[in-house]
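Below is upload37.csv, holding CSV, C-alpha atoms.
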```csv
chain,number,residue,atom,x,y,z
N,1,MET,CA,24.3,-69.2,1.8
N,2,MET,CA,23.6,-68.5,5.4
N,3,LYS,CA,24.0,-64.8,4.9
N,4,LEU,CA,21.6,-64.9,2.0
N,5,LEU,CA,19.0,-66.7,4.1
N,6,CYS,CA,19.5,-64.2,6.9
N,7,GLY,CA,19.1,-61.3,4.4
N,8,ILE,CA,15.9,-62.8,2.9
N,9,THR,CA,14.5,-63.3,6.4
N,10,LEU,CA,15.3,-59.8,7.4
N,11,LEU,CA,13.7,-58.4,4.3
N,12,LEU,CA,10.6,-60.5,4.9
N,13,ALA,CA,10.4,-59.4,8.5
N,14,VAL,CA,10.7,-55.7,7.5
N,15,ALA,CA,8.0,-56.2,4.8
N,16,VAL,CA,5.6,-57.8,7.3
N,17,ALA,CA,6.3,-55.2,9.9
N,18,TYR,CA,5.7,-52.5,7.3
N,19,TYR,CA,2.4,-54.0,6.3
N,20,ILE,CA,1.2,-54.5,9.9
N,21,TYR,CA,2.3,-51.2,11.3
N,22,ILE,CA,-0.1,-48.2,11.1
N,23,PRO,CA,0.0,-45.1,13.3
N,24,LEU,CA,-2.7,-45.3,15.9
N,25,PRO,CA,-4.0,-42.9,18.6
N,26,ARG,CA,-2.0,-43.2,21.8
N,27,ALA,CA,-5.0,-43.8,24.0
N,28,ILE,CA,-6.4,-46.7,21.9
N,29,SER,CA,-6.7,-50.1,23.6
N,30,GLU,CA,-3.8,-52.6,23.0
N,31,PRO,CA,-2.5,-51.0,19.7
N,32,TRP,CA,-0.2,-53.7,18.6
N,33,LYS,CA,-2.8,-56.4,19.0
N,34,LEU,CA,-5.2,-54.2,17.0
N,35,MET,CA,-2.6,-53.7,14.2
N,36,VAL,CA,-2.2,-57.5,13.8
N,37,LEU,CA,-6.0,-57.9,13.7
N,38,ASP,CA,-6.4,-55.1,11.2
N,39,ALA,CA,-3.6,-56.4,9.0
N,40,THR,CA,-5.3,-59.8,8.8
N,41,PHE,CA,-8.7,-58.2,8.0
N,42,ARG,CA,-7.1,-56.0,5.3
N,43,GLY,CA,-5.5,-59.0,3.8
N,44,VAL,CA,-8.9,-60.8,3.6
N,45,VAL,CA,-10.6,-57.7,2.1
N,46,SER,CA,-7.8,-57.5,-0.5
N,47,MET,CA,-8.3,-61.2,-1.4
N,48,GLY,CA,-12.0,-60.5,-1.8
N,49,ASP,CA,-11.4,-57.6,-4.1
N,50,VAL,CA,-9.0,-59.7,-6.3
N,51,ALA,CA,-11.4,-62.6,-6.5
N,52,HIS,CA,-14.2,-60.1,-7.4
N,53,SER,CA,-12.1,-58.4,-10.1
N,54,LEU,CA,-11.3,-61.8,-11.6
N,55,GLY,CA,-14.9,-62.8,-11.7
N,56,LEU,CA,-14.3,-65.7,-9.4
N,57,SER,CA,-16.7,-64.7,-6.6
N,58,HIS,CA,-18.4,-61.7,-5.1
N,59,ARG,CA,-16.0,-59.9,-2.8
N,60,VAL,CA,-18.4,-60.1,0.1
N,61,HIS,CA,-18.8,-63.9,-0.2
N,62,VAL,CA,-15.0,-64.3,-0.1
N,63,ILE,CA,-14.7,-62.1,3.0
N,64,ASN,CA,-17.6,-63.9,4.8
N,65,SER,CA,-16.2,-67.3,3.9
N,66,ALA,CA,-13.0,-66.4,5.7
N,67,ILE,CA,-14.9,-65.0,8.7
N,68,ILE,CA,-17.1,-68.1,9.0
N,69,ASN,CA,-14.0,-70.4,8.7
N,70,PHE,CA,-12.3,-68.5,11.5
N,71,GLU,CA,-15.4,-68.2,13.7
N,72,SER,CA,-15.8,-72.0,13.4
N,73,LEU,CA,-12.6,-72.4,15.4
N,74,VAL,CA,-13.9,-70.4,18.4
N,75,PRO,CA,-14.7,-72.8,21.2
N,76,VAL,CA,-18.3,-72.9,22.5
N,77,THR,CA,-18.7,-71.2,25.8
N,78,ASN,CA,-21.5,-71.5,28.5
N,79,GLN,CA,-22.4,-74.9,27.2
N,80,GLU,CA,-25.2,-75.2,29.7
N,81,ILE,CA,-27.2,-72.8,27.6
N,82,GLN,CA,-29.4,-74.6,25.2
N,83,ALA,CA,-29.7,-73.3,21.6
N,84,GLU,CA,-32.6,-73.9,19.3
N,85,ASP,CA,-32.7,-72.9,15.6
N,86,ILE,CA,-36.2,-72.1,14.4
N,87,LEU,CA,-38.2,-69.8,12.1
N,88,PHE,CA,-40.0,-66.7,13.4
N,89,ASP,CA,-42.6,-65.8,10.7
N,90,GLY,CA,-40.2,-67.3,8.0
N,91,VAL,CA,-37.1,-65.6,9.4
N,92,HIS,CA,-34.2,-67.8,10.7
N,93,VAL,CA,-33.5,-67.2,14.4
N,94,ARG,CA,-31.6,-69.0,17.2
N,95,VAL,CA,-33.2,-69.0,20.7
N,96,TYR,CA,-30.9,-69.5,23.7
N,97,HIS,CA,-32.5,-71.0,26.8
N,98,PRO,CA,-31.0,-70.8,30.3
N,99,PRO,CA,-31.2,-74.0,32.3
N,100,GLY,CA,-33.6,-74.3,35.2
N,101,ARG,CA,-37.3,-74.1,35.9
N,102,GLU,CA,-39.5,-72.9,33.0
N,103,GLU,CA,-42.4,-72.0,35.4
N,104,LYS,CA,-40.9,-68.7,36.3
N,105,LEU,CA,-41.1,-65.8,33.8
N,106,ARG,CA,-37.7,-64.7,32.5
N,107,ARG,CA,-36.4,-61.6,30.8
N,108,ALA,CA,-35.6,-61.7,27.1
N,109,VAL,CA,-33.2,-59.9,24.7
N,110,MET,CA,-33.5,-59.9,20.9
N,111,PHE,CA,-30.1,-59.5,19.5
N,112,ILE,CA,-29.3,-58.3,16.0
N,113,HIS,CA,-25.7,-58.9,14.8
N,114,GLY,CA,-23.5,-56.4,12.9
N,115,GLY,CA,-21.2,-56.8,10.0
N,116,GLY,CA,-22.3,-54.0,7.6
N,117,TRP,CA,-25.6,-55.8,6.7
N,118,ALA,CA,-23.3,-58.2,4.7
N,119,LEU,CA,-20.9,-60.1,7.0
N,120,CYS,CA,-20.6,-62.4,10.0
N,121,ALA,CA,-22.2,-65.5,11.3
N,122,PRO,CA,-24.6,-64.9,14.3
N,123,LYS,CA,-24.6,-68.6,15.3
N,124,LEU,CA,-20.9,-69.0,15.4
N,125,GLY,CA,-17.9,-67.7,17.3
N,126,SER,CA,-17.9,-64.4,19.0
N,127,TYR,CA,-21.6,-63.7,18.4
N,128,ASP,CA,-22.6,-67.1,19.7
N,129,SER,CA,-20.4,-66.5,22.8
N,130,LEU,CA,-21.9,-63.1,23.4
N,131,CYS,CA,-25.5,-64.4,23.2
N,132,ARG,CA,-24.6,-67.3,25.5
N,133,GLN,CA,-23.0,-64.9,28.0
N,134,MET,CA,-26.1,-62.7,27.9
N,135,ALA,CA,-28.4,-65.7,28.5
N,136,ALA,CA,-26.2,-67.0,31.4
N,137,ASP,CA,-25.5,-63.7,33.1
N,138,LEU,CA,-29.1,-62.3,32.8
N,139,ASP,CA,-30.8,-65.7,33.2
N,140,ALA,CA,-32.7,-64.6,30.1
N,141,VAL,CA,-34.0,-66.0,26.9
N,142,VAL,CA,-31.9,-64.5,24.0
N,143,VAL,CA,-33.1,-64.5,20.4
N,144,THR,CA,-30.5,-63.8,17.7
N,145,VAL,CA,-31.8,-62.9,14.2
N,146,ASP,CA,-30.1,-64.6,11.3
N,147,TYR,CA,-31.4,-62.2,8.7
N,148,ARG,CA,-30.3,-62.5,5.1
N,149,MET,CA,-27.5,-60.3,4.0
N,150,ALA,CA,-26.1,-58.3,1.1
N,151,PRO,CA,-25.3,-58.9,-1.7
N,152,ASP,CA,-27.9,-61.7,-1.8
N,153,VAL,CA,-30.6,-59.3,-0.6
N,154,ARG,CA,-30.6,-55.5,-0.2
N,155,PHE,CA,-32.4,-52.9,1.8
N,156,PRO,CA,-35.1,-53.1,3.0
N,157,VAL,CA,-35.0,-56.9,3.3
N,158,GLN,CA,-32.7,-56.9,6.3
N,159,TYR,CA,-34.9,-54.4,8.1
N,160,ASP,CA,-38.1,-56.2,7.1
N,161,GLU,CA,-36.9,-59.5,8.4
N,162,CYS,CA,-35.8,-58.1,11.7
N,163,VAL,CA,-39.2,-56.4,12.1
N,164,GLN,CA,-40.9,-59.7,11.2
N,165,ALA,CA,-38.9,-61.6,13.8
N,166,ALA,CA,-39.5,-58.9,16.4
N,167,LYS,CA,-43.3,-58.8,15.9
N,168,HIS,CA,-43.5,-62.6,16.0
N,169,PHE,CA,-41.5,-62.8,19.2
N,170,LEU,CA,-43.5,-60.1,20.9
N,171,ARG,CA,-46.8,-61.9,20.4
N,172,PRO,CA,-48.1,-62.7,23.8
N,173,GLU,CA,-48.6,-66.4,23.0
N,174,VAL,CA,-45.0,-66.7,21.7
N,175,LEU,CA,-43.6,-65.0,24.8
N,176,ALA,CA,-45.7,-67.4,26.9
N,177,GLN,CA,-44.3,-70.3,25.0
N,178,TYR,CA,-40.8,-69.3,26.1
N,179,SER,CA,-41.8,-68.2,29.6
N,180,VAL,CA,-40.9,-64.6,29.0
N,181,ASP,CA,-42.2,-61.7,31.0
N,182,PRO,CA,-43.8,-59.4,28.4
N,183,GLU,CA,-42.9,-56.4,30.4
N,184,ARG,CA,-39.2,-57.2,30.3
N,185,VAL,CA,-38.0,-57.6,26.7
N,186,ALA,CA,-35.1,-55.6,25.2
N,187,VAL,CA,-33.7,-55.3,21.7
N,188,CYS,CA,-30.0,-55.0,21.2
N,189,GLY,CA,-27.5,-54.8,18.3
N,190,ASP,CA,-24.0,-53.8,17.4
N,191,SER,CA,-22.8,-51.7,14.5
N,192,ALA,CA,-25.2,-52.5,11.5
N,193,GLY,CA,-27.1,-54.5,14.0
N,194,GLY,CA,-27.4,-51.4,16.1
N,195,ASN,CA,-28.8,-49.7,13.1
N,196,LEU,CA,-31.4,-52.4,12.7
N,197,ALA,CA,-32.1,-52.5,16.4
N,198,ALA,CA,-32.8,-48.8,16.5
N,199,ALA,CA,-35.0,-49.0,13.4
N,200,VAL,CA,-36.9,-52.0,14.8
N,201,ALA,CA,-37.4,-50.2,18.1
N,202,GLN,CA,-38.8,-47.2,16.3
N,203,ARG,CA,-41.2,-49.3,14.3
N,204,ILE,CA,-42.4,-51.3,17.2
N,205,GLY,CA,-42.9,-48.1,19.2
N,206,ILE,CA,-45.4,-46.7,16.8
N,207,ASP,CA,-47.0,-49.9,15.7
N,208,ASN,CA,-50.5,-50.0,17.1
N,209,SER,CA,-50.9,-53.7,16.1
N,210,THR,CA,-48.2,-54.7,18.5
N,211,SER,CA,-49.5,-54.8,22.1
N,212,VAL,CA,-46.2,-55.8,23.7
N,213,LYS,CA,-43.4,-53.2,23.3
N,214,PHE,CA,-39.7,-53.3,24.0
N,215,LYS,CA,-38.8,-52.1,27.4
N,216,LEU,CA,-35.2,-51.2,26.5
N,217,GLN,CA,-32.9,-50.8,23.5
N,218,VAL,CA,-29.2,-51.3,23.6
N,219,LEU,CA,-27.2,-49.9,20.7
N,220,ILE,CA,-23.5,-50.8,20.5
N,221,TYR,CA,-21.6,-48.3,18.3
N,222,PRO,CA,-24.5,-48.1,15.9
N,223,VAL,CA,-24.4,-46.8,12.3
N,224,LEU,CA,-27.3,-44.4,12.0
N,225,GLN,CA,-26.9,-42.2,9.0
N,226,ALA,CA,-25.1,-41.9,5.6
N,227,LEU,CA,-25.7,-38.2,4.7
N,228,ASP,CA,-22.5,-36.9,6.4
N,229,PHE,CA,-19.3,-38.8,6.1
N,230,ASN,CA,-17.4,-35.9,7.6
N,231,THR,CA,-18.7,-35.6,11.1
N,232,ALA,CA,-16.1,-34.9,13.7
N,233,SER,CA,-15.6,-38.6,14.4
N,234,TYR,CA,-15.4,-39.5,10.7
N,235,GLN,CA,-12.7,-36.8,10.2
N,236,GLN,CA,-10.8,-37.8,13.3
N,237,ASN,CA,-10.9,-41.6,12.8
N,238,GLN,CA,-11.1,-42.0,9.1
N,239,ASN,CA,-7.9,-44.1,9.1
N,240,VAL,CA,-8.4,-45.9,12.4
N,241,PRO,CA,-9.1,-49.7,12.2
N,242,ILE,CA,-11.2,-51.8,12.1
N,243,LEU,CA,-13.8,-49.6,10.4
N,244,TYR,CA,-12.2,-47.2,8.0
N,245,ARG,CA,-14.3,-44.4,6.5
N,246,THR,CA,-14.0,-45.9,3.0
N,247,LEU,CA,-15.1,-49.3,4.3
N,248,MET,CA,-18.2,-47.9,6.0
N,249,ALA,CA,-19.1,-46.2,2.7
N,250,ARG,CA,-18.7,-49.5,0.9
N,251,PHE,CA,-21.0,-51.2,3.4
N,252,TRP,CA,-23.6,-48.6,2.8
N,253,LEU,CA,-23.5,-49.0,-0.9
N,254,GLU,CA,-23.7,-52.7,-0.7
N,255,TYR,CA,-26.7,-52.4,1.6
N,256,LEU,CA,-28.5,-49.9,-0.6
N,257,ASP,CA,-27.5,-51.6,-3.9
N,258,GLY,CA,-25.3,-48.7,-5.0
N,259,ASN,CA,-22.3,-48.7,-7.3
N,260,LEU,CA,-19.1,-49.0,-5.4
N,261,ASP,CA,-17.5,-46.4,-7.7
N,262,LEU,CA,-19.5,-43.9,-5.7
N,263,VAL,CA,-17.4,-44.4,-2.5
N,264,HIS,CA,-15.1,-41.5,-3.1
N,265,SER,CA,-18.0,-39.2,-4.0
N,266,ILE,CA,-20.0,-39.9,-0.8
N,267,ILE,CA,-17.0,-39.7,1.6
N,268,LYS,CA,-16.6,-36.2,0.2
N,269,ASN,CA,-20.3,-35.5,0.8
N,270,LYS,CA,-20.9,-35.0,-2.9
N,271,HIS,CA,-24.4,-36.4,-2.3
N,272,THR,CA,-25.3,-33.6,0.1
N,273,ALA,CA,-23.4,-30.7,-1.5
N,274,GLN,CA,-24.8,-27.2,-1.4
N,275,ASP,CA,-26.2,-27.4,-4.9
N,276,GLN,CA,-28.5,-30.3,-4.1
N,277,ASN,CA,-32.2,-30.1,-3.2
N,278,GLN,CA,-31.9,-27.8,-0.2
N,279,ASN,CA,-35.5,-28.0,0.9
N,280,LEU,CA,-35.2,-31.8,1.3
N,281,LEU,CA,-31.7,-31.8,2.7
N,282,SER,CA,-32.3,-29.0,5.2
N,283,LEU,CA,-34.9,-31.1,6.9
N,284,SER,CA,-32.5,-34.0,7.1
N,285,HIS,CA,-29.5,-32.0,8.2
N,286,SER,CA,-31.4,-30.5,11.1
N,287,LYS,CA,-31.6,-34.0,12.5
N,288,LEU,CA,-27.9,-34.6,12.3
N,289,ASN,CA,-26.3,-31.2,12.8
N,290,TRP,CA,-23.4,-32.4,14.9
N,291,THR,CA,-22.2,-28.8,15.6
N,292,ASN,CA,-25.4,-28.5,17.7
N,293,LEU,CA,-25.9,-32.1,18.9
N,294,LEU,CA,-22.4,-32.9,20.0
N,295,PRO,CA,-20.5,-31.6,23.1
N,296,LYS,CA,-17.7,-29.2,22.3
N,297,ARG,CA,-15.1,-31.6,23.6
N,298,LEU,CA,-15.8,-33.9,20.7
N,299,ILE,CA,-16.2,-31.3,18.0
N,300,LYS,CA,-12.7,-29.9,18.8
N,301,ASP,CA,-11.5,-27.9,15.8
N,302,TYR,CA,-13.4,-29.9,13.1
N,303,LYS,CA,-15.7,-28.1,10.7
N,304,PRO,CA,-18.6,-29.4,8.6
N,305,ILE,CA,-17.6,-30.2,5.0
N,306,PHE,CA,-20.3,-29.8,2.3
N,307,PRO,CA,-18.9,-29.0,-1.1
N,308,LEU,CA,-20.4,-26.3,-3.3
N,309,ILE,CA,-21.0,-28.6,-6.3
N,310,GLY,CA,-22.1,-32.2,-5.9
N,311,SER,CA,-23.5,-35.2,-7.6
N,312,PRO,CA,-27.4,-35.0,-7.7
N,313,LYS,CA,-27.6,-38.5,-9.3
N,314,ILE,CA,-26.6,-40.1,-6.0
N,315,LEU,CA,-29.7,-39.2,-4.0
N,316,LYS,CA,-31.8,-39.9,-7.1
N,317,ASP,CA,-30.4,-43.4,-7.5
N,318,LEU,CA,-30.2,-44.1,-3.8
N,319,PRO,CA,-33.4,-42.6,-2.2
N,320,ALA,CA,-33.0,-44.9,0.9
N,321,LEU,CA,-30.2,-42.5,2.0
N,322,LEU,CA,-33.1,-40.3,3.2
N,323,ASP,CA,-35.2,-43.2,4.6
N,324,ALA,CA,-35.4,-43.5,8.4
N,325,ARG,CA,-35.8,-47.2,8.1
N,326,ALA,CA,-32.2,-47.3,6.8
N,327,ALA,CA,-31.0,-44.3,8.7
N,328,PRO,CA,-32.8,-44.1,12.1
N,329,LEU,CA,-31.1,-40.8,13.0
N,330,LEU,CA,-33.4,-39.2,10.4
N,331,ALA,CA,-36.6,-40.3,12.3
N,332,GLU,CA,-39.1,-37.6,13.2
N,333,ASP,CA,-39.4,-36.4,16.8
N,334,GLU,CA,-42.8,-38.0,17.3
N,335,VAL,CA,-41.3,-41.4,16.4
N,336,LEU,CA,-38.4,-40.9,18.8
N,337,ARG,CA,-40.8,-40.1,21.6
N,338,MET,CA,-42.3,-43.6,21.3
N,339,ALA,CA,-38.9,-45.3,21.5
N,340,PRO,CA,-37.9,-47.3,24.6
N,341,ARG,CA,-35.3,-46.2,27.1
N,342,ALA,CA,-31.8,-46.5,25.6
N,343,TYR,CA,-28.3,-47.5,26.3
N,344,ILE,CA,-25.8,-46.4,23.6
N,345,LEU,CA,-22.2,-47.5,23.7
N,346,THR,CA,-19.7,-45.4,21.8
N,347,GLY,CA,-15.9,-45.5,21.3
N,348,GLU,CA,-13.6,-42.5,21.0
N,349,HIS,CA,-11.6,-44.0,18.1
N,350,ASP,CA,-14.6,-45.0,16.0
N,351,VAL,CA,-15.9,-43.3,12.9
N,352,LEU,CA,-19.4,-44.0,14.1
N,353,ARG,CA,-18.9,-42.3,17.5
N,354,ASP,CA,-20.9,-39.2,16.5
N,355,ASP,CA,-23.8,-41.3,15.0
N,356,GLY,CA,-24.4,-42.8,18.5
N,357,MET,CA,-23.8,-39.5,20.3
N,358,MET,CA,-26.2,-37.5,18.1
N,359,TYR,CA,-28.9,-40.2,18.4
N,360,ALA,CA,-28.5,-40.2,22.2
N,361,ARG,CA,-29.0,-36.4,22.2
N,362,ARG,CA,-32.0,-36.5,19.9
N,363,LEU,CA,-33.6,-39.2,22.0
N,364,GLU,CA,-33.0,-37.1,25.1
N,365,LEU,CA,-34.5,-34.0,23.4
N,366,ALA,CA,-37.6,-36.2,22.6
N,367,GLY,CA,-37.9,-37.1,26.3
N,368,VAL,CA,-36.4,-40.6,26.2
N,369,SER,CA,-34.1,-41.7,29.0
N,370,VAL,CA,-30.6,-42.4,27.6
N,371,THR,CA,-27.4,-43.8,29.1
N,372,ASN,CA,-24.4,-43.1,26.9
N,373,ASP,CA,-21.5,-45.3,27.9
N,374,HIS,CA,-18.4,-43.8,26.2
N,375,TYR,CA,-15.0,-45.6,26.1
N,376,GLU,CA,-12.0,-43.3,25.6
N,377,ASP,CA,-9.9,-46.3,24.5
N,378,GLY,CA,-12.7,-47.9,22.5
N,379,PHE,CA,-12.6,-48.7,18.8
N,380,HIS,CA,-15.2,-50.1,16.4
N,381,GLY,CA,-15.8,-53.8,16.9
N,382,CYS,CA,-14.3,-54.1,20.3
N,383,VAL,CA,-17.3,-55.9,21.8
N,384,THR,CA,-17.0,-58.8,19.3
N,385,PHE,CA,-13.2,-58.9,20.0
N,386,ALA,CA,-13.8,-59.5,23.7
N,387,PHE,CA,-13.7,-63.2,23.1
N,388,TRP,CA,-11.2,-65.9,21.9
N,389,PRO,CA,-8.6,-65.4,20.5
N,390,CYS,CA,-8.5,-61.5,20.9
N,391,TYR,CA,-9.6,-60.8,24.4
N,392,PHE,CA,-9.3,-57.0,24.1
N,393,SER,CA,-9.6,-55.5,27.5
N,394,VAL,CA,-11.8,-52.6,26.4
N,395,GLY,CA,-14.2,-55.2,24.8
N,396,ILE,CA,-14.3,-57.3,28.0
N,397,ARG,CA,-15.2,-54.1,30.0
N,398,ALA,CA,-17.8,-53.1,27.4
N,399,VAL,CA,-19.5,-56.5,27.4
N,400,GLN,CA,-19.5,-56.6,31.3
N,401,ASN,CA,-20.9,-53.0,31.5
N,402,TYR,CA,-23.7,-53.3,29.0
N,403,ILE,CA,-24.9,-56.6,30.4
N,404,ALA,CA,-24.7,-55.1,33.9
N,405,TRP,CA,-26.9,-52.2,32.7
N,406,LEU,CA,-29.4,-54.7,31.3
N,407,ASP,CA,-29.3,-56.6,34.5
N,408,GLU,CA,-30.2,-53.5,36.5
N,409,HIS,CA,-32.9,-52.1,34.2
N,410,LEU,CA,-34.5,-55.0,32.4
```
Represent the structure contained in this file as structure tokens.
Amino acid sequence: MMKLLCGITLLLAVAVAYYIYIPLPRAISEPWKLMVLDATFRGVVSMGDVAHSLGLSHRVHVINSAIINFESLVPVTNQEIQAEDILFDGVHVRVYHPPGREEKLRRAVMFIHGGGWALCAPKLGSYDSLCRQMAADLDAVVVTVDYRMAPDVRFPVQYDECVQAAKHFLRPEVLAQYSVDPERVAVCGDSAGGNLAAAVAQRIGIDNSTSVKFKLQVLIYPVLQALDFNTASYQQNQNVPILYRTLMARFWLEYLDGNLDLVHSIIKNKHTAQDQNQNLLSLSHSKLNWTNLLPKRLIKDYKPIFPLIGSPKILKDLPALLDARAAPLLAEDEVLRMAPRAYILTGEHDVLRDDGMMYARRLELAGVSVTNDHYEDGFHGCVTFAFWPCYFSVGIRAVQNYIAWLDEHL
């Protein structure tokens, strides 16, 4: 009997180890910890897919429910920071106030959370900890936007709500209400939130009805385009957690209300194949030609992949793929020239590395000052994994460094 139990235990241990283990780049931060985290997330995604296939619930709702339950366990940090849940022009936001005198004018940061436009809870867990840390370290008012998410709403609702909240907050009388210096306001976001932050910064920059502008934009491993799923970083990191290439494609399709059956077509760039509308695509490709925009050390031996024959129905059914509100990297140069000074954080082991790198270069070419903070051991999501219970060292460094940059320049 004891031998049988030992045998079963050994088999289970081998099965668990087989499920958890995935080959990772040698330079990536704390690989075994990342494997465990990734295995947990893959399990939750699989549960969501099963529930969806059985008609029990939408896959995104299952995944988000698990995330919210976990984030609810994260202890509240910087409890001296006061939090107020309120509406900005009908959009749910939370405003974090540092303690102390309100007579003096403070800096402010508008933060937009990531999660593929579909996941995460900005008022709980790691995002709450991050916003509280920004408020404490910067002695700043921090506003986090609790925009509605897919699948309940689709593009452009997420974008529109972030623009609404930003325009409301930037009104002089609202800034005065929170004792904020109108010359010292930044917009910040990570991943899909970085996408929204970049798009909001572009909109505010060209909006003549908004007298107060953002002084800075902070984009943390932002997703900025969906026309090329075979950039050098997509090819290099397609199987690196937490954000696999197929998962990023799924997030895009959820955001734009596309059929998830298109995942394998778009990761092969069938939507931008050589037989598509070349007049239209050539204008877009010139804005994300990574062979010109990236340094050679990142391109390595990777080559562009655009098949001869594609699926023209994809662009017809999903015109937002070419919309700069959804894909800020496609913005015209005259729009970029009006954007605020930028800090762009990228990770070497992230499929979105080249999105951020290309955007940094395009902003520089448009005359915008850019700081590109690149982490050779960085992976997607490391900033949100800087807090309990993960405490990834690269995430802790990244949070400290971008807050230090804000402290110096805001």
Could you check the closest approach to Thr291 in chain N for each of N:Ser265, N:Ser233, N:Asn64, N:Ser311 and tell me which residue wins, using all atoms listed in the file?
N:Ser233
Protein, DNA and RNA residues within 10 Å of (-22.7, -72.3, 16.3), only C-alpha atoms, as a PyMOL selection string:
chain N and resi 71-72+74-76+83+94+121-129
Selection file, C-alpha atoms, as a short mmCIF file (atom, residue, chain, number, x, y, z; two decimals), keeping the file's coordinate frame:
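Saved as again_7.cif:
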```cif
data_model
loop_
_atom_site.label_atom_id
_atom_site.label_comp_id
_atom_site.auth_asym_id
_atom_site.auth_seq_id
_atom_site.Cartn_x
_atom_site.Cartn_y
_atom_site.Cartn_z
CA GLU N 71 -15.40 -68.20 13.70
CA SER N 72 -15.80 -72.00 13.40
CA VAL N 74 -13.90 -70.40 18.40
CA PRO N 75 -14.70 -72.80 21.20
CA VAL N 76 -18.30 -72.90 22.50
CA ALA N 83 -29.70 -73.30 21.60
CA ARG N 94 -31.60 -69.00 17.20
CA ALA N 121 -22.20 -65.50 11.30
CA PRO N 122 -24.60 -64.90 14.30
CA LYS N 123 -24.60 -68.60 15.30
CA LEU N 124 -20.90 -69.00 15.40
CA GLY N 125 -17.90 -67.70 17.30
CA SER N 126 -17.90 -64.40 19.00
CA TYR N 127 -21.60 -63.70 18.40
CA ASP N 128 -22.60 -67.10 19.70
CA SER N 129 -20.40 -66.50 22.80
#
```
Would you work out the distance separating CA of Leu260 in chain N from CA of Lys313 in chain N, expressed in Å to one decimal?
14.1 Å
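Separating CA of Ser209 in chain N from CA of Arg184 in chain N is a distance of 18.7 Å.
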Find the residues around Leu253 in chain N up to 10 Å (all atoms listed in the file counted), leave out those fewer than 3 positions away in its own chain, and share them as a PyMOL selection string.
chain N and resi 116+150+154+226+247-250+256-263+266+318+321
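For the point (-32.5, -38.4, -4.4), the residues with an atom at a distance of at most 10 Å are His271, Thr272, Gln276, Asn277, Leu280, Leu281, Pro312, Lys313, Ile314, Leu315, Lys316, Asp317, Leu318, Pro319, Ala320, Leu321 and Leu322 of chain N, counting all atoms listed in the file.
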For Ser369 in chain N, the closest of N:Ala339, N:Leu224, N:Leu87, N:Ile396 counting all atoms listed in the file is N:Ala339
So how many Å separate CA of Trp117 in chain N and CA of Asn401 in chain N, to one decimal?
25.4 Å
Residue nearest Tyr359 in chain N - candidates N:Lys215, N:His409, N:His374, N:Lys287, atoms counted: all atoms listed in the file:
N:Lys287
Glu103 in chain N: which residues within 12 Å, counting all atoms listed in the file, same-chain residues fewer than 5 positions away excluded, as a list in words?
Ala176, Gln177, Tyr178, Ser179, Val180 and Asp181 of chain N
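Look at Phe111 in chain N: the protein and nucleic acid residues within 9 Å of it, using only C-alpha atoms and passing over chain neighbours fewer than 3 places away, are N:Cys131, N:Val142, N:Val143, N:Thr144, N:Val145, N:Ala186, N:Val187, N:Cys188, N:Gly189, N:Asp190, N:Gly193, N:Ala197.
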Test item: residues at most 9 Å from Leu345 in chain N, only C-alpha atoms, excluding those fewer than 2 positions along its chain, as a compact mmCIF listing (two decimals) with C-alpha atoms, in the frame of the given file:
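Wrote part-v6.txt, looks like this:
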```
# COMPACT_ATOMS: atom_id res chain seq x y z
CA VAL N 218 -29.20 -51.30 23.60
CA LEU N 219 -27.20 -49.90 20.70
CA ILE N 220 -23.50 -50.80 20.50
CA TYR N 221 -21.60 -48.30 18.30
CA PRO N 222 -24.50 -48.10 15.90
CA TYR N 343 -28.30 -47.50 26.30
CA GLY N 347 -15.90 -45.50 21.30
CA ARG N 353 -18.90 -42.30 17.50
CA GLY N 356 -24.40 -42.80 18.50
CA MET N 357 -23.80 -39.50 20.30
CA THR N 371 -27.40 -43.80 29.10
CA ASN N 372 -24.40 -43.10 26.90
CA ASP N 373 -21.50 -45.30 27.90
CA HIS N 374 -18.40 -43.80 26.20
CA TYR N 375 -15.00 -45.60 26.10
CA ALA N 398 -17.80 -53.10 27.40
CA TYR N 402 -23.70 -53.30 29.00
```
